[in-house]
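Below is query.pdb, which holds PDB, C-alpha atoms.
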```
ATOM      1  CA  MET A1279     122.497 -36.136 -40.438
ATOM      2  CA  SER A1280     124.130 -32.692 -40.230
ATOM      3  CA  ALA A1281     122.699 -29.867 -42.311
ATOM      4  CA  THR A1282     124.428 -27.329 -44.545
ATOM      5  CA  ILE A1283     123.364 -23.749 -43.831
ATOM      6  CA  LEU A1284     124.185 -20.832 -46.137
ATOM      7  CA  VAL A1285     124.292 -17.366 -44.567
ATOM      8  CA  THR A1286     123.862 -14.633 -47.183
ATOM      9  CA  ALA A1287     126.277 -12.327 -45.349
ATOM     10  CA  PRO A1288     129.858 -12.465 -44.037
ATOM     11  CA  THR A1289     128.843 -12.957 -40.397
ATOM     12  CA  LEU A1290     126.240 -14.295 -38.009
ATOM     13  CA  ALA A1291     126.168 -13.493 -34.300
ATOM     14  CA  ASP A1292     127.616 -16.161 -32.012
ATOM     15  CA  ALA A1293     124.190 -16.810 -30.498
ATOM     16  CA  GLY A1294     123.018 -18.101 -33.886
ATOM     17  CA  LEU A1295     126.236 -19.953 -34.700
ATOM     18  CA  ASP A1296     126.090 -21.717 -31.338
ATOM     19  CA  VAL A1297     122.621 -23.070 -32.175
ATOM     20  CA  LEU A1298     123.784 -24.370 -35.553
ATOM     21  CA  ARG A1299     127.105 -25.801 -34.418
ATOM     22  CA  ALA A1300     125.531 -27.537 -31.438
ATOM     23  CA  GLU A1301     123.730 -29.701 -33.990
ATOM     24  CA  GLY A1302     126.749 -30.268 -36.171
ATOM     25  CA  CYS A1303     125.701 -27.949 -38.984
ATOM     26  CA  ARG A1304     128.140 -26.911 -41.666
ATOM     27  CA  VAL A1305     127.857 -23.131 -42.015
ATOM     28  CA  ILE A1306     128.859 -21.327 -45.213
ATOM     29  CA  PHE A1307     129.144 -17.542 -45.364
ATOM     30  CA  THR A1308     128.939 -15.115 -48.278
ATOM     31  CA  SER A1309     131.666 -12.480 -48.383
ATOM     32  CA  MET A1310     130.937  -8.796 -48.856
ATOM     33  CA  GLN A1311     133.160  -8.743 -51.939
ATOM     34  CA  GLY A1312     131.631 -11.849 -53.516
ATOM     35  CA  GLY A1313     128.030 -10.796 -52.937
ATOM     36  CA  THR A1314     125.303 -12.298 -55.089
ATOM     37  CA  ASP A1315     127.690 -14.074 -57.463
ATOM     38  CA  GLU A1316     129.347 -15.902 -54.594
ATOM     39  CA  MET A1317     125.981 -16.819 -53.080
ATOM     40  CA  LEU A1318     124.857 -18.316 -56.398
ATOM     41  CA  GLN A1319     128.088 -20.302 -56.652
ATOM     42  CA  HIS A1320     127.519 -21.786 -53.200
ATOM     43  CA  LEU A1321     123.952 -22.717 -54.126
ATOM     44  CA  ARG A1322     125.094 -24.455 -57.313
ATOM     45  CA  ARG A1323     128.018 -26.315 -55.765
ATOM     46  CA  GLU A1324     126.655 -27.289 -52.359
ATOM     47  CA  ASP A1325     123.626 -29.226 -51.185
ATOM     48  CA  VAL A1326     122.300 -26.335 -49.126
ATOM     49  CA  ASP A1327     119.558 -27.438 -46.714
ATOM     50  CA  GLY A1328     118.711 -24.019 -45.351
ATOM     51  CA  VAL A1329     119.438 -20.355 -45.999
ATOM     52  CA  ILE A1330     119.671 -17.686 -43.339
ATOM     53  CA  SER A1331     118.773 -14.679 -45.468
ATOM     54  CA  ARG A1332     120.321 -11.359 -44.551
ATOM     55  CA  THR A1333     121.074  -8.605 -47.061
ATOM     56  CA  LEU A1334     121.327 -10.284 -50.472
ATOM     57  CA  PRO A1335     118.212 -10.804 -52.618
ATOM     58  CA  PHE A1336     116.993 -14.391 -52.839
ATOM     59  CA  ASP A1337     115.126 -14.244 -56.130
ATOM     60  CA  LYS A1338     114.200 -16.541 -59.011
ATOM     61  CA  GLU A1339     117.850 -16.864 -60.037
ATOM     62  CA  ALA A1340     118.786 -17.975 -56.535
ATOM     63  CA  PHE A1341     116.001 -20.546 -56.433
ATOM     64  CA  ALA A1342     117.083 -21.817 -59.851
ATOM     65  CA  ALA A1343     120.636 -22.209 -58.544
ATOM     66  CA  ALA A1344     119.534 -24.013 -55.393
ATOM     67  CA  GLY A1345     119.225 -27.770 -55.513
ATOM     68  CA  SER A1346     116.393 -29.963 -54.326
ATOM     69  CA  ALA A1347     118.013 -30.132 -50.871
ATOM     70  CA  LEU A1348     116.817 -26.592 -50.056
ATOM     71  CA  LYS A1349     114.159 -26.836 -47.363
ATOM     72  CA  VAL A1350     113.861 -23.395 -45.776
ATOM     73  CA  ILE A1351     114.617 -19.681 -46.090
ATOM     74  CA  SER A1352     114.962 -18.207 -42.607
ATOM     75  CA  ARG A1353     115.019 -14.400 -42.561
ATOM     76  CA  HIS A1354     117.404 -12.618 -40.234
ATOM     77  CA  GLY A1355     114.762 -10.031 -39.309
ATOM     78  CA  VAL A1356     111.146  -9.240 -40.118
ATOM     79  CA  GLY A1357     111.479  -7.629 -43.553
ATOM     80  CA  PHE A1358     111.061  -9.991 -46.478
ATOM     81  CA  ASP A1359     111.095  -7.838 -49.605
ATOM     82  CA  ASN A1360     114.440  -9.369 -50.612
ATOM     83  CA  VAL A1361     112.954 -12.890 -50.835
ATOM     84  CA  ASP A1362     110.734 -14.069 -53.694
ATOM     85  CA  VAL A1363     108.060 -15.591 -51.472
ATOM     86  CA  ALA A1364     105.898 -16.607 -54.443
ATOM     87  CA  MET A1365     108.752 -18.630 -55.923
ATOM     88  CA  ALA A1366     109.486 -20.153 -52.522
ATOM     89  CA  THR A1367     105.872 -21.252 -52.254
ATOM     90  CA  GLU A1368     105.993 -22.733 -55.742
ATOM     91  CA  ARG A1369     109.096 -24.681 -54.733
ATOM     92  CA  GLY A1370     107.539 -25.782 -51.441
ATOM     93  CA  VAL A1371     110.134 -23.894 -49.400
ATOM     94  CA  PRO A1372     108.799 -22.203 -46.237
ATOM     95  CA  VAL A1373     109.971 -18.630 -45.625
ATOM     96  CA  LEU A1374     110.164 -17.660 -41.970
ATOM     97  CA  ILE A1375     110.781 -14.285 -40.367
ATOM     98  CA  ALA A1376     112.141 -13.491 -36.896
ATOM     99  CA  PRO A1377     109.409 -11.354 -35.319
ATOM    100  CA  ALA A1378     110.097  -9.379 -32.150
ATOM    101  CA  ALA A1379     113.803 -10.281 -32.061
ATOM    102  CA  ASN A1380     115.025  -6.782 -32.979
ATOM    103  CA  GLY A1381     111.914  -4.751 -32.222
ATOM    104  CA  GLN A1382     113.230  -2.891 -29.189
ATOM    105  CA  SER A1383     116.420  -1.860 -30.978
ATOM    106  CA  VAL A1384     114.515  -0.608 -34.032
ATOM    107  CA  ALA A1385     112.134   1.313 -31.784
ATOM    108  CA  GLU A1386     115.049   2.945 -29.970
ATOM    109  CA  LEU A1387     116.636   4.107 -33.230
ATOM    110  CA  THR A1388     113.233   5.402 -34.345
ATOM    111  CA  MET A1389     113.096   7.637 -31.287
ATOM    112  CA  ALA A1390     116.746   8.660 -31.744
ATOM    113  CA  LEU A1391     116.075   9.783 -35.317
ATOM    114  CA  MET A1392     112.898  11.544 -34.230
ATOM    115  CA  LEU A1393     114.717  13.475 -31.529
ATOM    116  CA  ALA A1394     117.707  14.256 -33.737
ATOM    117  CA  ALA A1395     115.490  15.581 -36.531
ATOM    118  CA  ALA A1396     113.311  17.580 -34.140
ATOM    119  CA  ARG A1397     116.249  19.203 -32.333
ATOM    120  CA  ARG A1398     118.625  19.575 -35.321
ATOM    121  CA  VAL A1399     121.234  17.541 -33.439
ATOM    122  CA  THR A1400     123.406  16.765 -36.461
ATOM    123  CA  VAL A1401     123.460  20.429 -37.517
ATOM    124  CA  GLN A1402     124.554  21.528 -34.048
ATOM    125  CA  ASN A1403     127.157  18.771 -33.856
ATOM    126  CA  ALA A1404     128.670  19.776 -37.206
ATOM    127  CA  ALA A1405     128.653  23.479 -36.281
ATOM    128  CA  ILE A1406     130.500  22.972 -33.009
ATOM    129  CA  ARG A1407     133.083  20.741 -34.678
ATOM    130  CA  ALA A1408     133.606  23.543 -37.216
ATOM    131  CA  GLY A1409     134.268  26.061 -34.429
ATOM    132  CA  LYS A1410     130.826  27.704 -34.542
ATOM    133  CA  TRP A1411     128.683  28.342 -31.479
ATOM    134  CA  ASP A1412     125.272  29.159 -32.952
ATOM    135  CA  ARG A1413     122.269  29.220 -30.618
ATOM    136  CA  SER A1414     119.991  31.162 -32.958
ATOM    137  CA  GLY A1415     117.891  28.250 -34.183
ATOM    138  CA  SER A1416     115.130  26.391 -32.387
ATOM    139  CA  GLY A1417     113.804  22.874 -32.593
ATOM    140  CA  LEU A1418     110.590  21.030 -31.875
ATOM    141  CA  GLN A1419     109.459  19.580 -28.565
ATOM    142  CA  LEU A1420     108.038  16.049 -28.673
ATOM    143  CA  GLY A1421     105.899  16.371 -25.555
ATOM    144  CA  ALA A1422     102.202  17.135 -26.229
ATOM    145  CA  LYS A1423     102.698  16.563 -29.978
ATOM    146  CA  THR A1424     100.849  13.873 -31.942
ATOM    147  CA  LEU A1425     102.778  10.910 -33.295
ATOM    148  CA  GLY A1426     101.114   8.932 -36.069
ATOM    149  CA  LEU A1427     102.193   5.326 -36.546
ATOM    150  CA  ILE A1428     101.591   3.535 -39.826
ATOM    151  CA  GLY A1429     101.678  -0.071 -38.686
ATOM    152  CA  PHE A1430     100.981  -1.212 -35.142
ATOM    153  CA  GLY A1431     102.774  -4.520 -34.837
ATOM    154  CA  GLY A1432     105.511  -5.305 -32.349
ATOM    155  CA  ILE A1433     107.845  -2.498 -33.412
ATOM    156  CA  GLY A1434     105.048   0.044 -33.703
ATOM    157  CA  LYS A1435     103.915  -0.796 -30.173
ATOM    158  CA  ALA A1436     107.456  -0.461 -28.841
ATOM    159  CA  VAL A1437     107.702   2.992 -30.448
ATOM    160  CA  ALA A1438     104.334   3.906 -28.949
ATOM    161  CA  ARG A1439     105.529   3.001 -25.451
ATOM    162  CA  ALA A1440     108.622   5.153 -25.847
ATOM    163  CA  ALA A1441     106.686   8.085 -27.314
ATOM    164  CA  LEU A1442     104.122   7.978 -24.529
ATOM    165  CA  GLY A1443     107.036   8.251 -22.111
ATOM    166  CA  PHE A1444     107.908  11.566 -23.760
ATOM    167  CA  GLY A1445     104.353  12.771 -23.233
ATOM    168  CA  MET A1446     103.298  12.452 -26.872
ATOM    169  CA  ARG A1447      99.787  11.641 -28.044
ATOM    170  CA  VAL A1448      99.955   8.490 -30.164
ATOM    171  CA  ILE A1449      97.575   7.445 -32.920
ATOM    172  CA  ALA A1450      97.968   4.478 -35.253
ATOM    173  CA  PHE A1451      96.609   3.197 -38.540
ATOM    174  CA  ASP A1452      96.758  -0.529 -39.201
ATOM    175  CA  PRO A1453      93.811  -2.471 -40.663
ATOM    176  CA  LEU A1454      94.858  -5.506 -38.603
ATOM    177  CA  ALA A1455      95.538  -3.654 -35.365
ATOM    178  CA  LYS A1456      93.648  -3.959 -32.138
ATOM    179  CA  THR A1457      93.946  -1.770 -29.087
ATOM    180  CA  GLU A1458      96.741  -2.828 -26.761
ATOM    181  CA  PRO A1459      95.923  -3.105 -23.043
ATOM    182  CA  GLY A1460      97.894  -0.568 -21.063
ATOM    183  CA  LEU A1461      98.770   1.565 -24.101
ATOM    184  CA  SER A1462      96.897   4.834 -24.559
ATOM    185  CA  VAL A1463      96.947   4.653 -28.354
ATOM    186  CA  GLU A1464      94.037   5.642 -30.563
ATOM    187  CA  ILE A1465      93.491   3.375 -33.575
ATOM    188  CA  VAL A1466      92.181   5.488 -36.463
ATOM    189  CA  ASP A1467      90.110   4.194 -39.360
ATOM    190  CA  SER A1468      92.020   5.573 -42.348
ATOM    191  CA  LEU A1469      95.446   6.711 -43.482
ATOM    192  CA  GLU A1470      93.977  10.094 -44.431
ATOM    193  CA  HIS A1471      92.664  10.575 -40.894
ATOM    194  CA  LEU A1472      96.067   9.684 -39.450
ATOM    195  CA  LEU A1473      98.028  12.005 -41.740
ATOM    196  CA  ARG A1474      95.878  15.059 -41.001
ATOM    197  CA  ARG A1475      96.724  14.802 -37.305
ATOM    198  CA  SER A1476     100.333  13.574 -37.337
ATOM    199  CA  GLN A1477     102.881  16.211 -36.381
ATOM    200  CA  PHE A1478     105.353  13.343 -36.310
ATOM    201  CA  LEU A1479     104.931  10.337 -38.602
ATOM    202  CA  SER A1480     106.690   6.976 -38.280
ATOM    203  CA  LEU A1481     106.361   3.949 -40.589
ATOM    204  CA  HIS A1482     106.395   0.330 -39.403
ATOM    205  CA  ILE A1483     105.018  -1.839 -42.207
ATOM    206  CA  PRO A1484     106.472  -4.265 -44.771
ATOM    207  CA  LEU A1485     107.264  -3.232 -48.331
ATOM    208  CA  ASN A1486     105.197  -4.847 -51.075
ATOM    209  CA  GLU A1487     103.434  -3.745 -54.236
ATOM    210  CA  GLU A1488     100.533  -2.339 -52.217
ATOM    211  CA  THR A1489     102.721  -0.283 -49.873
ATOM    212  CA  ARG A1490     105.417   0.912 -52.294
ATOM    213  CA  HIS A1491     105.393   4.751 -52.313
ATOM    214  CA  LEU A1492     102.562   4.719 -49.787
ATOM    215  CA  ILE A1493     103.802   8.151 -48.764
ATOM    216  CA  GLY A1494     104.053  10.485 -51.745
ATOM    217  CA  THR A1495     103.265  14.075 -52.677
ATOM    218  CA  THR A1496      99.579  13.901 -51.713
ATOM    219  CA  GLU A1497     100.236  12.232 -48.375
ATOM    220  CA  ILE A1498     103.024  14.630 -47.419
ATOM    221  CA  ALA A1499     100.769  17.584 -48.252
ATOM    222  CA  ALA A1500      98.123  16.117 -45.930
ATOM    223  CA  LEU A1501     100.472  16.326 -42.933
ATOM    224  CA  PRO A1502     100.379  19.430 -40.722
ATOM    225  CA  GLN A1503     102.806  22.222 -41.598
ATOM    226  CA  GLY A1504     106.204  21.562 -40.031
ATOM    227  CA  ALA A1505     105.793  17.803 -39.631
ATOM    228  CA  VAL A1506     108.653  15.338 -39.129
ATOM    229  CA  ILE A1507     108.787  11.956 -40.902
ATOM    230  CA  VAL A1508     110.794   9.001 -39.592
ATOM    231  CA  ASN A1509     111.290   5.728 -41.453
ATOM    232  CA  THR A1510     113.079   2.718 -39.963
ATOM    233  CA  SER A1511     111.083   0.185 -41.972
ATOM    234  CA  ARG A1512     111.762   0.028 -45.733
ATOM    235  CA  GLY A1513     112.896   2.873 -47.975
ATOM    236  CA  GLY A1514     110.519   2.084 -50.814
ATOM    237  CA  LEU A1515     107.547   3.008 -48.643
ATOM    238  CA  ILE A1516     108.276   6.690 -49.304
ATOM    239  CA  ASP A1517     108.652   8.483 -52.623
ATOM    240  CA  GLU A1518     112.028  10.112 -51.972
ATOM    241  CA  ASP A1519     111.529  12.777 -54.653
ATOM    242  CA  ALA A1520     108.325  13.838 -52.910
ATOM    243  CA  LEU A1521     110.160  13.804 -49.595
ATOM    244  CA  VAL A1522     112.870  16.142 -50.891
ATOM    245  CA  ALA A1523     110.193  18.420 -52.374
ATOM    246  CA  GLY A1524     108.414  18.540 -49.014
ATOM    247  CA  LEU A1525     111.634  19.602 -47.321
ATOM    248  CA  GLU A1526     112.503  22.172 -49.988
ATOM    249  CA  SER A1527     109.071  23.788 -49.709
ATOM    250  CA  GLY A1528     109.363  24.003 -45.936
ATOM    251  CA  HIS A1529     106.228  21.937 -45.415
ATOM    252  CA  LEU A1530     108.322  19.335 -43.608
ATOM    253  CA  PHE A1531     110.511  20.429 -40.704
ATOM    254  CA  GLY A1532     112.780  17.432 -41.047
ATOM    255  CA  VAL A1533     113.143  13.714 -41.660
ATOM    256  CA  GLY A1534     115.016  10.857 -40.011
ATOM    257  CA  LEU A1535     115.719   7.894 -42.271
ATOM    258  CA  ASP A1536     117.396   4.555 -41.656
ATOM    259  CA  THR A1537     116.267   2.943 -44.914
ATOM    260  CA  PHE A1538     116.278   4.057 -48.534
ATOM    261  CA  ALA A1539     114.822   2.996 -51.866
ATOM    262  CA  PHE A1540     118.297   2.013 -53.066
ATOM    263  CA  GLU A1541     121.062   1.095 -50.658
ATOM    264  CA  PRO A1542     123.723   2.192 -50.127
ATOM    265  CA  LEU A1543     122.452   5.727 -50.591
ATOM    266  CA  PRO A1544     124.834   7.587 -52.944
ATOM    267  CA  ALA A1545     126.520  10.665 -51.497
ATOM    268  CA  SER A1546     125.179  12.639 -54.476
ATOM    269  CA  HIS A1547     121.561  12.043 -53.424
ATOM    270  CA  PRO A1548     119.726  15.291 -52.536
ATOM    271  CA  LEU A1549     118.894  13.925 -49.085
ATOM    272  CA  CYS A1550     122.601  13.864 -48.207
ATOM    273  CA  SER A1551     123.204  17.582 -48.689
ATOM    274  CA  ARG A1552     120.317  18.886 -46.595
ATOM    275  CA  PRO A1553     120.656  20.132 -43.010
ATOM    276  CA  ASP A1554     117.108  18.984 -42.197
ATOM    277  CA  THR A1555     117.794  15.270 -42.717
ATOM    278  CA  VAL A1556     119.233  12.735 -40.276
ATOM    279  CA  LEU A1557     120.444   9.599 -42.059
ATOM    280  CA  THR A1558     121.704   6.222 -40.846
ATOM    281  CA  ALA A1559     122.772   3.166 -42.843
ATOM    282  CA  HIS A1560     119.964   0.650 -42.169
ATOM    283  CA  MET A1561     121.166   0.139 -38.601
ATOM    284  CA  GLY A1562     117.840  -0.307 -36.815
ATOM    285  CA  GLY A1563     118.538  -3.866 -35.728
ATOM    286  CA  SER A1564     122.284  -3.411 -35.299
ATOM    287  CA  THR A1565     122.751  -3.648 -31.552
ATOM    288  CA  ASP A1566     124.439  -6.458 -29.673
ATOM    289  CA  ALA A1567     121.183  -7.634 -28.133
ATOM    290  CA  ALA A1568     119.159  -7.470 -31.343
ATOM    291  CA  LEU A1569     121.772  -9.185 -33.508
ATOM    292  CA  ALA A1570     122.117 -12.002 -30.986
ATOM    293  CA  ALA A1571     118.377 -12.537 -30.591
ATOM    294  CA  THR A1572     117.710 -12.359 -34.329
ATOM    295  CA  ALA A1573     120.533 -14.749 -35.228
ATOM    296  CA  GLN A1574     119.422 -17.221 -32.590
ATOM    297  CA  LEU A1575     115.798 -17.207 -33.729
ATOM    298  CA  ALA A1576     116.741 -17.420 -37.421
ATOM    299  CA  ALA A1577     118.925 -20.450 -36.681
ATOM    300  CA  GLN A1578     116.207 -22.097 -34.600
ATOM    301  CA  HIS A1579     113.675 -21.567 -37.375
ATOM    302  CA  ALA A1580     115.962 -23.098 -39.996
ATOM    303  CA  LEU A1581     116.555 -26.196 -37.884
ATOM    304  CA  ALA A1582     112.880 -26.516 -36.994
ATOM    305  CA  ILE A1583     111.943 -26.879 -40.660
ATOM    306  CA  ILE A1584     114.920 -29.069 -41.578
ATOM    307  CA  HIS A1585     114.272 -31.501 -38.718
ATOM    308  CA  GLY A1586     110.474 -31.263 -38.613
ATOM    309  CA  ARG A1587     110.241 -29.675 -35.179
ATOM    310  CA  PRO A1588     107.420 -27.497 -33.839
ATOM    311  CA  PHE A1589     107.734 -23.713 -34.078
ATOM    312  CA  ASP A1590     105.467 -20.674 -33.929
ATOM    313  CA  GLU A1591     103.763 -20.819 -37.324
ATOM    314  CA  VAL A1592     102.938 -17.099 -37.134
ATOM    315  CA  ALA A1593     106.525 -16.638 -38.317
ATOM    316  CA  CYS A1594     105.862 -18.463 -41.610
ATOM    317  CA  LEU A1595     105.001 -16.195 -44.550
ATOM    318  CA  ASN A1596     103.759 -19.021 -46.786
ATOM    319  CA  PRO A1597     101.986 -21.637 -44.666
ATOM    320  CA  GLY A1598     101.004 -23.531 -47.805
ATOM    321  CA  ALA A1599     104.637 -24.533 -48.233
ATOM    322  CA  LEU A1600     104.708 -26.196 -44.819
ATOM    323  CA  LYS A1601     102.646 -29.163 -45.996
ATOM    324  CA  ARG A1602     105.139 -29.851 -48.758
ATOM    325  CA  ALA A1603     108.074 -29.327 -46.409
ATOM    326  CA  PHE A1604     106.809 -31.912 -43.917
ATOM    327  CA  ARG A1605     105.320 -34.472 -46.264
TER     328      ARG A1605
END
```

Serialized structure, structure tokens:
Amino acid sequence: MSATILVTAPTLADAGLDVLRAEGCRVIFTSMQGGTDEMLQHLRREDVDGVISRTLPFDKEAFAAAGSALKVISRHGVGFDNVDVAMATERGVPVLIAPAANGQSVAELTMALMLAAARRVTVQNAAIRAGKWDRSGSGLQLGAKTLGLIGFGGIGKAVARAALGFGMRVIAFDPLAKTEPGLSVEIVDSLEHLLRRSQFLSLHIPLNEETRHLIGTTEIAALPQGAVIVNTSRGGLIDEDALVAGLESGHLFGVGLDTFAFEPLPASHPLCSRPDTVLTAHMGGSTDAALAATAQLAAQHALAIIHGRPFDEVACLNPGALKRAFR
């Protein structure tokens, strides 16, 4: 029997659609204009078997709207702060993420933001476009500097490989991390130890109640003078008021951010008016290769649960729900 799949976004890459359509799935999209209200309407009106979760929050209201047909929430990416995993577990609905599918693309943007912040690329670009040729300023070299990674999963390791190619020293803090063969990365035993040494800092961890505002006033003060912070993970990991204060005081040389506490970031936000910030609109996984790989894996995960097929259970955030899903 064909399944009904709801995508909580207007699009899904062809690689994912091909997987679904090859099995006769009916695919429903959520328009940008309709947003959450439209998603809830689909859930109430349709017998949705699986959800490919992209940008919209799938919270208690969404679960209440969904019928008993709902069998799986398949995340289009690795972040899961927009899904109420506890409610999914209570309902017996497995929540799966798509690890490694967009890791290389996120790592590449991480390095792009790091370089742009260190060399004031956006400032120079704006100056030249305004008819100014100003060579008076100087930037920071990455080579021989220390990069601290908070989180050493797949994306963190990809960033480490790139940074080592620039001649950086790389250290990482992750309670679950182990040394990686072939990577000259030092695993440190505490966040405090990492911060003291990190001339560049990059975050690669999920957002939850334990990690929200992990980087605040105290942590920024612990960084060396003139440090650069890059965040391509989740905006809520950093206290943005503390970040602005660190820039205003001159303690931070610059920041490169792809994610923010509230998105879209309003143009009136203090981060938008500063020359020492480089900002992108949550585009870490937005490359042709990453979107295709992520869509394909998200579709495969949804069908695996719906049809009771084997899959890599490391991708499941709530293994307890699997027993109910397959009973």

Taking (119.3, -18.8, -35.8) as a centre in this file's frame and 7 Å as the limit, can you find every polymer residue with an atom that close, using only C-alpha atoms, and give them as number ranges by chain? A: 1294, 1297, 1572-1580

Residue contacts of range 1311-1314 of chain A (9 Å, all atoms listed in the file) excluding same-chain residues fewer than 2 positions away, as a PDB file with C-alpha atoms, keeping the file's coordinate frame:
```pdb
ATOM      1  CA  THR A1286     123.862 -14.633 -47.183  1.00  0.00           C
ATOM      2  CA  ALA A1287     126.277 -12.327 -45.349  1.00  0.00           C
ATOM      3  CA  THR A1308     128.939 -15.115 -48.278  1.00  0.00           C
ATOM      4  CA  SER A1309     131.666 -12.480 -48.383  1.00  0.00           C
ATOM      5  CA  GLU A1316     129.347 -15.902 -54.594  1.00  0.00           C
ATOM      6  CA  MET A1317     125.981 -16.819 -53.080  1.00  0.00           C
ATOM      7  CA  LEU A1318     124.857 -18.316 -56.398  1.00  0.00           C
ATOM      8  CA  GLN A1319     128.088 -20.302 -56.652  1.00  0.00           C
ATOM      9  CA  LEU A1334     121.327 -10.284 -50.472  1.00  0.00           C
ATOM     10  CA  PRO A1335     118.212 -10.804 -52.618  1.00  0.00           C
ATOM     11  CA  PHE A1336     116.993 -14.391 -52.839  1.00  0.00           C
ATOM     12  CA  ALA A1340     118.786 -17.975 -56.535  1.00  0.00           C
TER      13      ALA A1340
END
```

| request: For Thr1496 in chain A, please output as number ranges by chain all residues within 12 Å (counting all atoms listed in the file; exclusion window: fewer than 4 positions along the same chain). | output: A: 1469-1470, 1473-1474, 1491-1492, 1500-1501, 1516-1517, 1520-1521, 1523-1524

Neighbouring residues of range 1411-1414 of chain A were defined as those with any atom within 12 Å, considering all atoms listed in the file; residues of the same chain fewer than 4 positions away were excluded. Please report them as a PyMOL selection string.
chain A and resi 1397-1398+1401-1407

Excluding Arg1323 in chain A and any residue of its chain fewer than 6 positions from it, enumerate the residues within 10 Å of it, using all atoms listed in the file, and give them as a PDB file with C-alpha atoms, in the frame of the given file.
```
ATOM      1  CA  ALA A1343     120.636 -22.209 -58.544  1.00  0.00           C
ATOM      2  CA  ALA A1344     119.534 -24.013 -55.393  1.00  0.00           C
ATOM      3  CA  GLY A1345     119.225 -27.770 -55.513  1.00  0.00           C
TER       4      GLY A1345
END
```

Between CA of Gly1355 in chain A and CA of Ile1375 in chain A, what is the distance, to one decimal in Å?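 One can read the CA of Gly1355 in chain A to CA of Ile1375 in chain A distance as 5.9 Å.
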
List every residue of range 1437-1541 of chain A that has an atom at most 9 Å from any atom of range 1554-1564 of chain A, giving for each one its closest atom pair and the distance in Å to one decimal, counting all atoms listed in the file, sorted by chain and then by ascending residue number, as a Markdown table.
```
| residue | atom | partner | partner_atom | distance |
| --- | --- | --- | --- | --- |
| A:Thr1510 | CA | A:Gly1562 | CA | 6.5 |
| A:Ser1511 | CA | A:Gly1562 | CA | 8.5 |
| A:Arg1512 | CA | A:His1560 | CA | 9.0 |
| A:Leu1525 | CA | A:Asp1554 | CA | 7.5 |
| A:Leu1530 | CA | A:Asp1554 | CA | 8.9 |
| A:Phe1531 | CA | A:Asp1554 | CA | 6.9 |
| A:Gly1532 | CA | A:Asp1554 | CA | 4.7 |
| A:Val1533 | CA | A:Thr1555 | CA | 5.0 |
| A:Gly1534 | CA | A:Val1556 | CA | 4.6 |
| A:Leu1535 | CA | A:Leu1557 | CA | 5.0 |
| A:Asp1536 | CA | A:Thr1558 | CA | 4.7 |
| A:Thr1537 | CA | A:His1560 | CA | 5.1 |
| A:Phe1538 | CA | A:His1560 | CA | 8.1 |
| A:Glu1541 | CA | A:Ala1559 | CA | 8.3 |
```

Taking the file as shown, what set of residues would the PyMOL selection byres ((chain A and resi 1478-1486) around 6) give back, as a PyMOL selection string? chain A and resi 1425-1429+1434+1476-1477+1487-1490+1505-1509+1511

- Just give me the gap between CA of Asp1327 in chain A and CA of Ala1281 in chain A in Å, one decimal is fine.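 Computed distance, CA of Asp1327 in chain A to CA of Ala1281 in chain A, equals 5.9 Å.
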
Tell me, as a list in words, which residues lie within 7 Å of Val1326 in chain A, counting only C-alpha atoms; anything in the same chain fewer than 5 positions away does not count.
Thr1282, Ile1283, Leu1284, Leu1321, Ala1347 and Leu1348 of chain A

The residues within 12 Å of (108.0, -15.3, -57.6), using only C-alpha atoms and the coordinates of the file, should be reported as a ChimeraX atom specification; which are they? /A:1336-1342,1359-1369

CA of Ser1468 in chain A to CA of Phe1451 in chain A, straight-line distance in Å
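Interatomic distance, CA of Phe1451 in chain A to CA of Ser1468 in chain A: 6.4 Å.
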
For this session: Point out the residue among A:Asp1590, A:Ala1385, A:Pro1542, A:Val1285 with the least atom-to-atom distance to Arg1304 in chain A, counting only C-alpha atoms.
Result: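 Result for the nearest residue to Arg1304 in chain A: A:Val1285.
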
Across A:Ala1455, A:Ala1450, A:Ala1440, A:Ala1582, the smallest distance to His1471 in chain A, with all atoms listed in the file counted, is shown by A:Ala1450

(message) Suppose a student applies the PyMOL selection byres ((chain A and resi 1443-1448) around 9) to this structure; what residues should they get, written as a PyMOL selection string?
(response) chain A and resi 1420-1427+1438-1442+1449-1450+1462-1465+1476

Can you spell out as a short mmCIF file (atom, residue, chain, number, x, y, z; two decimals) with C-alpha atoms, in the coordinates of the input the set of residues that the PyMOL selection byres ((chain A and resi 1432) around 9) selects in the structure I just provided?
```cif
data_model
loop_
_atom_site.label_atom_id
_atom_site.label_comp_id
_atom_site.auth_asym_id
_atom_site.auth_seq_id
_atom_site.Cartn_x
_atom_site.Cartn_y
_atom_site.Cartn_z
CA PRO A 1377 109.41 -11.35 -35.32
CA ALA A 1378 110.10 -9.38 -32.15
CA GLY A 1381 111.91 -4.75 -32.22
CA GLN A 1382 113.23 -2.89 -29.19
CA PHE A 1430 100.98 -1.21 -35.14
CA GLY A 1431 102.77 -4.52 -34.84
CA ILE A 1433 107.84 -2.50 -33.41
CA GLY A 1434 105.05 0.04 -33.70
CA LYS A 1435 103.92 -0.80 -30.17
CA ALA A 1436 107.46 -0.46 -28.84
CA VAL A 1437 107.70 2.99 -30.45
#
```

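Shortest separation to Pro1553 in chain A among A:Thr1333, A:Thr1400, A:Ser1383, A:Gln1419 occurs at residue A:Thr1400, atoms counted being all atoms listed in the file.
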
* To do: Could you check which of A:Leu1461, A:Val1350, A:Ala1539, A:Leu1549 is closest to Gly1370 in chain A, using all atoms listed in the file?
  =>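 Closest to Gly1370 in chain A, using all atoms listed in the file: A:Val1350.
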
Could you pull range 1419-1425 of chain A out of the block above and save it with C-alpha atoms, as an mmCIF file, in the first residue's frame?
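The resulting file, out27.cif, is reproduced below:
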```
data_model
loop_
_atom_site.group_PDB
_atom_site.id
_atom_site.type_symbol
_atom_site.label_atom_id
_atom_site.label_comp_id
_atom_site.auth_asym_id
_atom_site.auth_seq_id
_atom_site.Cartn_x
_atom_site.Cartn_y
_atom_site.Cartn_z
ATOM 1 C CA GLN A 1419 46.233 34.429 9.612
ATOM 2 C CA LEU A 1420 44.779 30.977 10.297
ATOM 3 C CA GLY A 1421 48.051 29.081 9.973
ATOM 4 C CA ALA A 1422 49.757 28.263 13.309
ATOM 5 C CA LYS A 1423 46.680 29.446 15.249
ATOM 6 C CA THR A 1424 44.666 27.178 17.553
ATOM 7 C CA LEU A 1425 41.149 26.184 16.564
#
```
